[in-house]
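As stored in model.csv (CSV, C-alpha atoms):
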chain,number,residue,atom,x,y,z
J,44,MET,CA,-54.9,-17.3,66.4
J,45,SER,CA,-52.0,-17.4,63.9
J,46,GLU,CA,-51.3,-14.0,62.4
J,47,GLN,CA,-51.6,-15.5,58.9
J,48,SER,CA,-55.2,-16.6,59.5
J,49,MET,CA,-56.1,-13.2,61.0
J,50,ALA,CA,-54.8,-11.5,58.0
J,51,ASN,CA,-56.7,-13.9,55.8
J,52,PRO,CA,-60.2,-14.4,57.1
J,53,GLU,CA,-61.1,-16.6,54.1
J,54,ALA,CA,-58.7,-19.3,55.2
J,55,TRP,CA,-59.9,-18.9,58.7
J,56,VAL,CA,-63.5,-19.6,57.7
J,57,ASP,CA,-62.3,-22.7,55.8
J,58,GLU,CA,-60.4,-23.9,58.7
J,59,HIS,CA,-63.0,-23.6,61.4
J,60,GLY,CA,-66.3,-23.0,59.6
J,61,ASP,CA,-67.4,-26.7,59.6
J,62,ALA,CA,-66.6,-27.3,63.3
J,63,LEU,CA,-68.4,-24.1,64.4
J,64,PHE,CA,-71.4,-24.9,62.2
J,65,SER,CA,-71.6,-28.5,63.5
J,66,TYR,CA,-71.5,-27.2,67.1
J,67,ALA,CA,-74.1,-24.6,66.5
J,68,LEU,CA,-76.4,-27.0,64.7
J,69,SER,CA,-76.2,-29.5,67.5
J,70,ARG,CA,-77.6,-26.8,69.9
J,71,LEU,CA,-80.1,-25.0,67.6
J,72,LYS,CA,-82.9,-26.5,65.6
J,73,ASN,CA,-82.8,-24.2,62.7
J,74,PRO,CA,-79.9,-24.3,60.2
J,75,ALA,CA,-80.3,-20.7,59.3
J,76,SER,CA,-79.9,-19.7,62.9
J,77,ALA,CA,-76.8,-21.9,63.1
J,78,GLU,CA,-75.3,-20.1,60.1
J,79,ASP,CA,-76.1,-16.7,61.7
J,80,VAL,CA,-74.4,-17.5,65.0
J,81,VAL,CA,-71.3,-18.8,63.1
J,82,GLN,CA,-71.1,-15.5,61.2
J,83,GLU,CA,-71.5,-13.5,64.4
J,84,THR,CA,-68.8,-15.5,66.0
J,85,PHE,CA,-66.3,-14.9,63.3
J,86,LEU,CA,-67.1,-11.2,63.3
J,87,ALA,CA,-66.8,-10.9,67.0
J,88,ALA,CA,-63.6,-12.9,66.9
J,89,ILE,CA,-62.0,-10.5,64.4
J,90,ARG,CA,-63.0,-7.5,66.4
J,91,ALA,CA,-61.7,-9.0,69.6
J,92,GLN,CA,-58.5,-10.6,68.2
J,93,ASP,CA,-56.2,-8.6,70.5
J,94,ARG,CA,-57.8,-10.4,73.4
J,95,PHE,CA,-56.9,-13.8,72.1
J,96,SER,CA,-54.1,-14.9,74.3
J,97,GLY,CA,-52.9,-17.9,72.4
J,98,SER,CA,-53.0,-19.9,75.6
J,99,SER,CA,-55.8,-22.0,74.2
J,100,SER,CA,-56.2,-23.1,70.6
J,101,ALA,CA,-58.0,-20.9,68.2
J,102,ARG,CA,-60.7,-23.5,67.8
J,103,THR,CA,-61.4,-23.5,71.6
J,104,TRP,CA,-61.4,-19.7,71.7
J,105,LEU,CA,-63.9,-19.6,68.8
J,106,ILE,CA,-66.2,-22.2,70.4
J,107,GLY,CA,-66.1,-20.1,73.6
J,108,ILE,CA,-67.4,-17.1,71.7
J,109,LEU,CA,-69.9,-19.3,69.8
J,110,LYS,CA,-71.4,-20.6,73.1
J,111,HIS,CA,-72.1,-17.0,74.2
J,112,LYS,CA,-73.7,-16.2,70.8
J,113,ILE,CA,-75.9,-19.3,71.1
J,114,VAL,CA,-77.1,-18.3,74.6
J,115,ASP,CA,-77.9,-14.8,73.2
J,116,LEU,CA,-79.9,-16.2,70.4
J,117,ILE,CA,-81.8,-18.6,72.6
J,118,ARG,CA,-82.7,-15.7,74.8
J,119,LYS,CA,-83.8,-13.6,71.9
J,120,GLU,CA,-85.9,-16.5,70.4
J,121,SER,CA,-87.6,-17.2,73.8
J,122,ARG,CA,-88.5,-13.5,74.1
J,123,GLU,CA,-90.3,-13.8,70.8
J,124,GLN,CA,-92.0,-16.9,71.9
J,125,PRO,CA,-92.4,-16.5,75.6
J,126,ILE,CA,-93.3,-19.2,78.0
J,127,ASP,CA,-96.4,-17.8,79.6
J,128,GLU,CA,-99.3,-20.1,79.4
J,129,ILE,CA,-97.6,-23.2,80.6
J,130,GLU,CA,-100.9,-25.0,81.1
J,131,THR,CA,-101.9,-24.7,77.5
J,132,MET,CA,-98.9,-26.6,76.3
J,133,GLU,CA,-99.1,-30.1,75.3
J,134,ALA,CA,-98.3,-32.2,78.3
J,135,PRO,CA,-96.6,-35.5,77.6
J,136,GLU,CA,-97.7,-36.7,81.1
J,137,GLU,CA,-101.1,-37.3,79.7
J,138,GLU,CA,-99.6,-39.7,77.2
J,139,PHE,CA,-97.6,-41.7,79.8
J,140,PHE,CA,-100.0,-41.8,82.7
J,141,ASP,CA,-103.7,-42.7,83.1
J,142,ARG,CA,-106.2,-40.6,84.9
J,143,LYS,CA,-105.3,-42.0,88.3
J,144,GLY,CA,-101.6,-41.1,87.8
J,145,HIS,CA,-100.4,-44.7,87.2
J,146,TRP,CA,-98.0,-45.5,84.4
J,147,ARG,CA,-99.8,-46.3,81.2
J,148,ILE,CA,-96.7,-46.7,79.1
J,149,LYS,CA,-94.4,-48.5,81.5
J,150,PRO,CA,-90.7,-47.6,81.6
J,151,VAL,CA,-88.5,-50.5,80.5
J,152,GLU,CA,-84.9,-50.7,81.9
J,153,TRP,CA,-82.3,-49.5,79.4
J,154,GLN,CA,-79.3,-51.7,78.9
J,155,VAL,CA,-76.6,-49.0,78.5
J,156,LYS,CA,-73.1,-48.1,79.3
J,157,PRO,CA,-73.0,-44.3,78.8
J,158,ASP,CA,-69.4,-44.1,77.7
J,159,GLN,CA,-69.7,-46.9,75.2
J,160,ILE,CA,-72.9,-45.7,73.7
J,161,LEU,CA,-71.4,-42.3,72.8
J,162,GLU,CA,-69.1,-44.1,70.3
J,163,GLN,CA,-72.0,-45.5,68.4
J,164,LYS,CA,-72.8,-43.2,65.5
J,165,GLU,CA,-76.3,-44.5,65.0
J,166,PHE,CA,-77.1,-43.8,68.6
J,167,MET,CA,-75.9,-40.2,68.3
J,168,THR,CA,-78.0,-39.7,65.2
J,169,ILE,CA,-81.1,-40.9,66.9
J,170,LEU,CA,-80.3,-38.9,70.1
J,171,PHE,CA,-80.1,-35.7,68.1
J,172,GLN,CA,-83.2,-36.5,66.1
J,173,CYS,CA,-85.1,-37.1,69.4
J,174,LEU,CA,-83.7,-33.7,70.7
J,175,GLU,CA,-84.9,-32.0,67.5
J,176,HIS,CA,-88.4,-33.4,68.0
J,177,LEU,CA,-88.8,-31.5,71.2
J,178,PRO,CA,-91.1,-28.6,70.8
J,179,ASP,CA,-89.1,-25.3,70.3
J,180,ARG,CA,-89.6,-24.0,73.8
J,181,LEU,CA,-88.6,-27.2,75.5
J,182,HIS,CA,-85.7,-27.7,73.2
J,183,ARG,CA,-84.3,-24.3,74.0
J,184,LEU,CA,-84.3,-24.7,77.8
J,185,PHE,CA,-83.3,-28.3,77.7
J,186,ILE,CA,-80.2,-27.5,75.6
J,187,LEU,CA,-79.2,-24.7,77.9
J,188,ARG,CA,-79.6,-26.9,80.9
J,189,GLU,CA,-78.2,-30.2,79.7
J,190,LEU,CA,-75.9,-29.7,76.7
J,191,GLU,CA,-74.6,-26.3,77.7
J,192,ASP,CA,-74.6,-27.5,81.3
J,193,GLN,CA,-76.0,-24.3,82.8
J,194,ASP,CA,-77.6,-24.3,86.2
J,195,SER,CA,-81.3,-23.6,86.9
J,196,ASP,CA,-80.7,-20.0,88.0
J,197,PHE,CA,-78.9,-19.2,84.8
J,198,VAL,CA,-81.5,-20.7,82.6
J,199,CYS,CA,-84.4,-19.0,84.5
J,200,LYS,CA,-82.7,-15.6,84.2
J,201,LYS,CA,-81.9,-16.0,80.5
J,202,LEU,CA,-85.3,-17.2,79.6
J,203,SER,CA,-87.2,-15.0,82.1
J,204,ILE,CA,-89.1,-17.9,83.6
J,205,THR,CA,-89.8,-19.0,87.2
J,206,PRO,CA,-88.0,-22.0,88.6
J,207,THR,CA,-91.3,-23.8,89.0
J,208,ASN,CA,-92.0,-23.5,85.3
J,209,LEU,CA,-88.4,-24.5,84.4
J,210,TRP,CA,-88.7,-27.7,86.5
J,211,VAL,CA,-92.0,-28.6,84.9
J,212,MET,CA,-90.7,-28.0,81.4
J,213,LEU,CA,-87.4,-29.9,82.0
J,214,HIS,CA,-89.5,-32.8,83.3
J,215,ARG,CA,-91.6,-32.8,80.2
J,216,ALA,CA,-88.5,-32.6,78.0
J,217,ARG,CA,-87.0,-35.6,79.8
J,218,MET,CA,-90.2,-37.6,79.6
J,219,ARG,CA,-90.4,-37.1,75.8
J,220,LEU,CA,-86.7,-37.7,75.2
J,221,ARG,CA,-86.6,-41.0,77.2
J,222,GLY,CA,-89.8,-42.0,75.4
J,223,CYS,CA,-88.3,-41.3,72.0
J,224,LEU,CA,-85.0,-43.1,72.8
J,225,THR,CA,-86.9,-46.1,74.2
J,226,GLU,CA,-89.0,-46.3,71.1
J,227,ASN,CA,-86.2,-45.7,68.6
J,228,TRP,CA,-83.2,-47.2,70.2
J,229,PHE,CA,-83.4,-49.2,73.4
J,230,GLY,CA,-86.7,-50.9,72.7
J,231,ALA,CA,-86.3,-51.0,68.9
J,232,GLY,CA,-84.9,-54.6,68.9
J,233,GLU,CA,-87.8,-56.1,70.7
R,209,MET,CA,-99.9,-41.2,99.0
R,210,ARG,CA,-98.4,-39.6,95.9
R,211,THR,CA,-99.1,-41.0,92.5
R,212,CYS,CA,-96.4,-42.2,90.0
R,213,LYS,CA,-97.2,-39.2,87.9
R,214,GLU,CA,-96.3,-36.9,90.8
R,215,ILE,CA,-93.3,-38.9,91.8
R,216,SER,CA,-91.8,-38.9,88.3
R,217,LYS,CA,-92.0,-35.1,88.3
R,218,LEU,CA,-90.2,-34.9,91.7
R,219,VAL,CA,-87.6,-37.4,90.5
R,220,SER,CA,-86.8,-35.1,87.5
R,221,GLU,CA,-86.8,-32.1,89.7
R,222,SER,CA,-84.3,-33.6,92.0
R,223,PHE,CA,-81.8,-33.4,89.1
R,224,ASP,CA,-82.3,-29.6,89.0
R,225,ARG,CA,-82.4,-28.7,92.7
R,226,LYS,CA,-82.2,-30.3,96.1
R,227,LEU,CA,-85.7,-31.3,97.1
R,228,PRO,CA,-87.0,-30.3,100.6
R,229,PHE,CA,-86.6,-33.1,103.1
R,230,ARG,CA,-90.1,-34.3,103.2
R,231,GLN,CA,-90.4,-34.6,99.5
R,232,ARG,CA,-87.1,-36.3,99.3
R,233,MET,CA,-88.2,-38.9,101.8
R,234,GLY,CA,-91.5,-39.3,100.0
R,235,VAL,CA,-89.7,-40.0,96.8
R,236,GLN,CA,-87.3,-42.5,98.5
R,237,PHE,CA,-90.2,-44.3,100.0
R,238,HIS,CA,-92.1,-44.5,96.8
R,239,LEU,CA,-89.1,-45.7,94.9
R,240,MET,CA,-88.6,-48.6,97.3
R,241,MET,CA,-92.1,-49.8,96.6
R,242,CYS,CA,-92.4,-49.0,92.9
R,243,SER,CA,-90.2,-50.6,90.3
R,244,LEU,CA,-91.6,-48.6,87.4
R,245,CYS,CA,-90.7,-45.3,89.0
R,246,ARG,CA,-87.3,-46.8,90.0
R,247,THR,CA,-86.8,-47.6,86.3
R,248,TYR,CA,-87.8,-44.0,85.4
R,249,SER,CA,-85.4,-42.6,87.9
R,250,HIS,CA,-82.5,-44.7,86.5
R,251,GLN,CA,-83.3,-43.5,83.0
R,252,VAL,CA,-83.3,-39.9,84.0
R,253,GLY,CA,-79.9,-40.5,85.6
R,254,GLN,CA,-78.7,-42.4,82.5
R,255,LEU,CA,-80.0,-39.6,80.2
R,256,ARG,CA,-78.1,-37.1,82.3
R,257,SER,CA,-74.8,-38.9,82.0
R,258,ILE,CA,-75.3,-39.6,78.3
R,259,LEU,CA,-75.9,-35.9,77.7
R,260,LYS,CA,-72.9,-34.9,79.8
R,261,GLY,CA,-70.8,-37.1,77.5
R,262,VAL,CA,-72.5,-35.6,74.4
R,263,ALA,CA,-71.7,-32.1,75.6
R,264,LYS,CA,-68.1,-32.9,75.9
R,265,SER,CA,-67.6,-34.8,72.6
R,266,ALA,CA,-67.5,-33.5,69.1
R,267,PRO,CA,-71.0,-33.0,67.6
R,268,PRO,CA,-72.0,-34.9,64.5
R,269,PRO,CA,-70.1,-33.3,61.6
R,270,GLU,CA,-72.2,-31.0,59.5
R,271,PRO,CA,-70.4,-29.1,56.7
R,272,LEU,CA,-71.1,-25.3,56.6
R,273,PRO,CA,-73.1,-24.9,53.4
R,274,ASP,CA,-71.2,-23.2,50.6
R,275,GLU,CA,-73.6,-20.3,50.3
R,276,ALA,CA,-73.2,-19.5,54.0
R,277,ARG,CA,-69.5,-19.9,53.7
R,278,GLN,CA,-69.3,-17.3,50.9
R,279,ARG,CA,-71.6,-14.9,52.8
R,280,ILE,CA,-69.6,-15.1,55.9
R,281,LYS,CA,-66.4,-14.5,54.0
R,282,GLN,CA,-67.9,-11.4,52.4
R,283,ALA,CA,-69.1,-10.2,55.8
R,284,LEU,CA,-65.7,-10.5,57.2
R,285,GLU,CA,-64.1,-8.8,54.2
R,286,SER,CA,-66.5,-5.8,54.4
R,287,ASP,CA,-66.0,-5.6,58.2
R,288,LYS,CA,-62.3,-5.0,57.7
R,289,HIS,CA,-62.9,-1.7,55.9
Represent the structure of the file as structure tokens.
Amino acid sequence: MSEQSMANPEAWVDEHGDALFSYALSRLKNPASAEDVVQETFLAAIRAQDRFSGSSSARTWLIGILKHKIVDLIRKESREQPIDEIETMEAPEEEFFDRKGHWRIKPVEWQVKPDQILEQKEFMTILFQCLEHLPDRLHRLFILRELEDQDSDFVCKKLSITPTNLWVMLHRARMRLRGCLTENWFGAGE
Amino acid sequence: MRTCKEISKLVSESFDRKLPFRQRMGVQFHLMMCSLCRTYSHQVGQLRSILKGVAKSAPPPEPLPDEARQRIKQALESDKH
């Protein structure tokens, strides 16, 4: 962190505010929550500025703080909306399988090169829209697991759920997400 | 004999933990026979690598709304004192 920006938080918000907000919004569904974690990140950074070593860039340091704030918020939100009655939740399996457990909506191969597809803005837009369409509870745990790349143990602890529940929910999230991407991107041209 | 519905769940689960031997063999065997579940399994793998890439790349740019920007600046200002 340059001394100048520390002495002048205004410039600092102007320099990093957009990047932090974009990051937060890509992990949280609610823009107001994203604004809150950005504010908390700046406040925490100011209070901890002695600990900034300068070995990484200020941006990287701030994103590191932001990631913790996002996990904290996700944990708090999941306490307010706990995953208890897993059976009562809408199960996408019913949509994709018939009563005998056969595929009703058959998966169609995706023609995709993962590294190339990331450069396509339209794809990224659709991917984030599909993520946003996940129900809140699925969204929270899926983001922690897949975008924040945390392992199952970590996610279970933070969200106070059992591994069995986590696996079921991740499966449901993947089912929905691949259904959404197939419908809106991979199969859209057919 | 496990159904496709059960296998698809185990396939997903195998991305989160190492399945016990018997389940793993059951999945392998089913996948050899069933092209639909094979396709599903590919897609879960593709999804995983796409998301890994997304996690590492810059998120879609979204400007911090002006109102929030002002509020945050004020919060930082009053925190100084």
key: Within 10 Å of Lys288 in chain R using only C-alpha atoms, minus same-chain residues under 2 positions, as a list of chain:residue names   = J:Ala50, J:Pro52, J:Leu86, J:Ile89, J:Arg90, R:Ala283, R:Leu284, R:Glu285, R:Ser286
ask   = Taking all atoms listed in the file into account, which of J:Arg219, J:Lys119, J:His145, J:His59 comes nearest Arg210 in chain R?
value =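 Smallest separation from Arg210 in chain R among the options: J:His145.
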message = Taking 3 positions as the minimum chain separation for residues in the same chain, which residues sit within 9 Å of Gln254 in chain R when counting all atoms listed in the file? Answer as a ChimeraX atom specification.
response = /J:153,155-157 /R:249-251,257-259
Residue list for chain J near chain R as number ranges by chain, 6 Å, only C-alpha atoms = J: 53, 61, 64-66, 82, 144-145, 150, 152, 157, 190, 210, 214
Go ahead and save the picked residues with C-alpha atoms, as a PDB file, in the frame of the given file.
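Writing done, so here's again-v1.pdb:
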ATOM      1  CA  GLU J  53     -61.100 -16.600  54.100  1.00  0.00           C
ATOM      2  CA  ASP J  61     -67.400 -26.700  59.600  1.00  0.00           C
ATOM      3  CA  PHE J  64     -71.400 -24.900  62.200  1.00  0.00           C
ATOM      4  CA  SER J  65     -71.600 -28.500  63.500  1.00  0.00           C
ATOM      5  CA  TYR J  66     -71.500 -27.200  67.100  1.00  0.00           C
ATOM      6  CA  GLN J  82     -71.100 -15.500  61.200  1.00  0.00           C
ATOM      7  CA  GLY J 144    -101.600 -41.100  87.800  1.00  0.00           C
ATOM      8  CA  HIS J 145    -100.400 -44.700  87.200  1.00  0.00           C
ATOM      9  CA  PRO J 150     -90.700 -47.600  81.600  1.00  0.00           C
ATOM     10  CA  GLU J 152     -84.900 -50.700  81.900  1.00  0.00           C
ATOM     11  CA  PRO J 157     -73.000 -44.300  78.800  1.00  0.00           C
ATOM     12  CA  LEU J 190     -75.900 -29.700  76.700  1.00  0.00           C
ATOM     13  CA  TRP J 210     -88.700 -27.700  86.500  1.00  0.00           C
ATOM     14  CA  HIS J 214     -89.500 -32.800  83.300  1.00  0.00           C
TER      15      HIS J 214
END
task = May I ask for the distance between CA of Phe171 in chain J and CA of Ala88 in chain J, given in Å to one decimal place?
result =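 Answer for the CA of Phe171 in chain J to CA of Ala88 in chain J separation: 28.2 Å.
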ask   = In Å, how far is it from CA of His111 in chain J to CA of Ala75 in chain J?
value =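 Answer for the CA of His111 in chain J to CA of Ala75 in chain J separation: 17.4 Å.
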request  = Between CA of Arg221 in chain J and CA of Gly253 in chain R, measure the distance and give it in Å to one decimal.
outcome  = 10.8 Å
task = Just the residues within 9 Å of Ile117 in chain J, please, counting only C-alpha atoms, with nothing from its chain fewer than 2 positions along; format it as a list in words.
result = Leu71, Lys112, Ile113, Val114, Asp115, Lys119, Glu120, Ser121, Arg122, Arg183, Leu184, Leu187, Lys201 and Leu202 of chain J
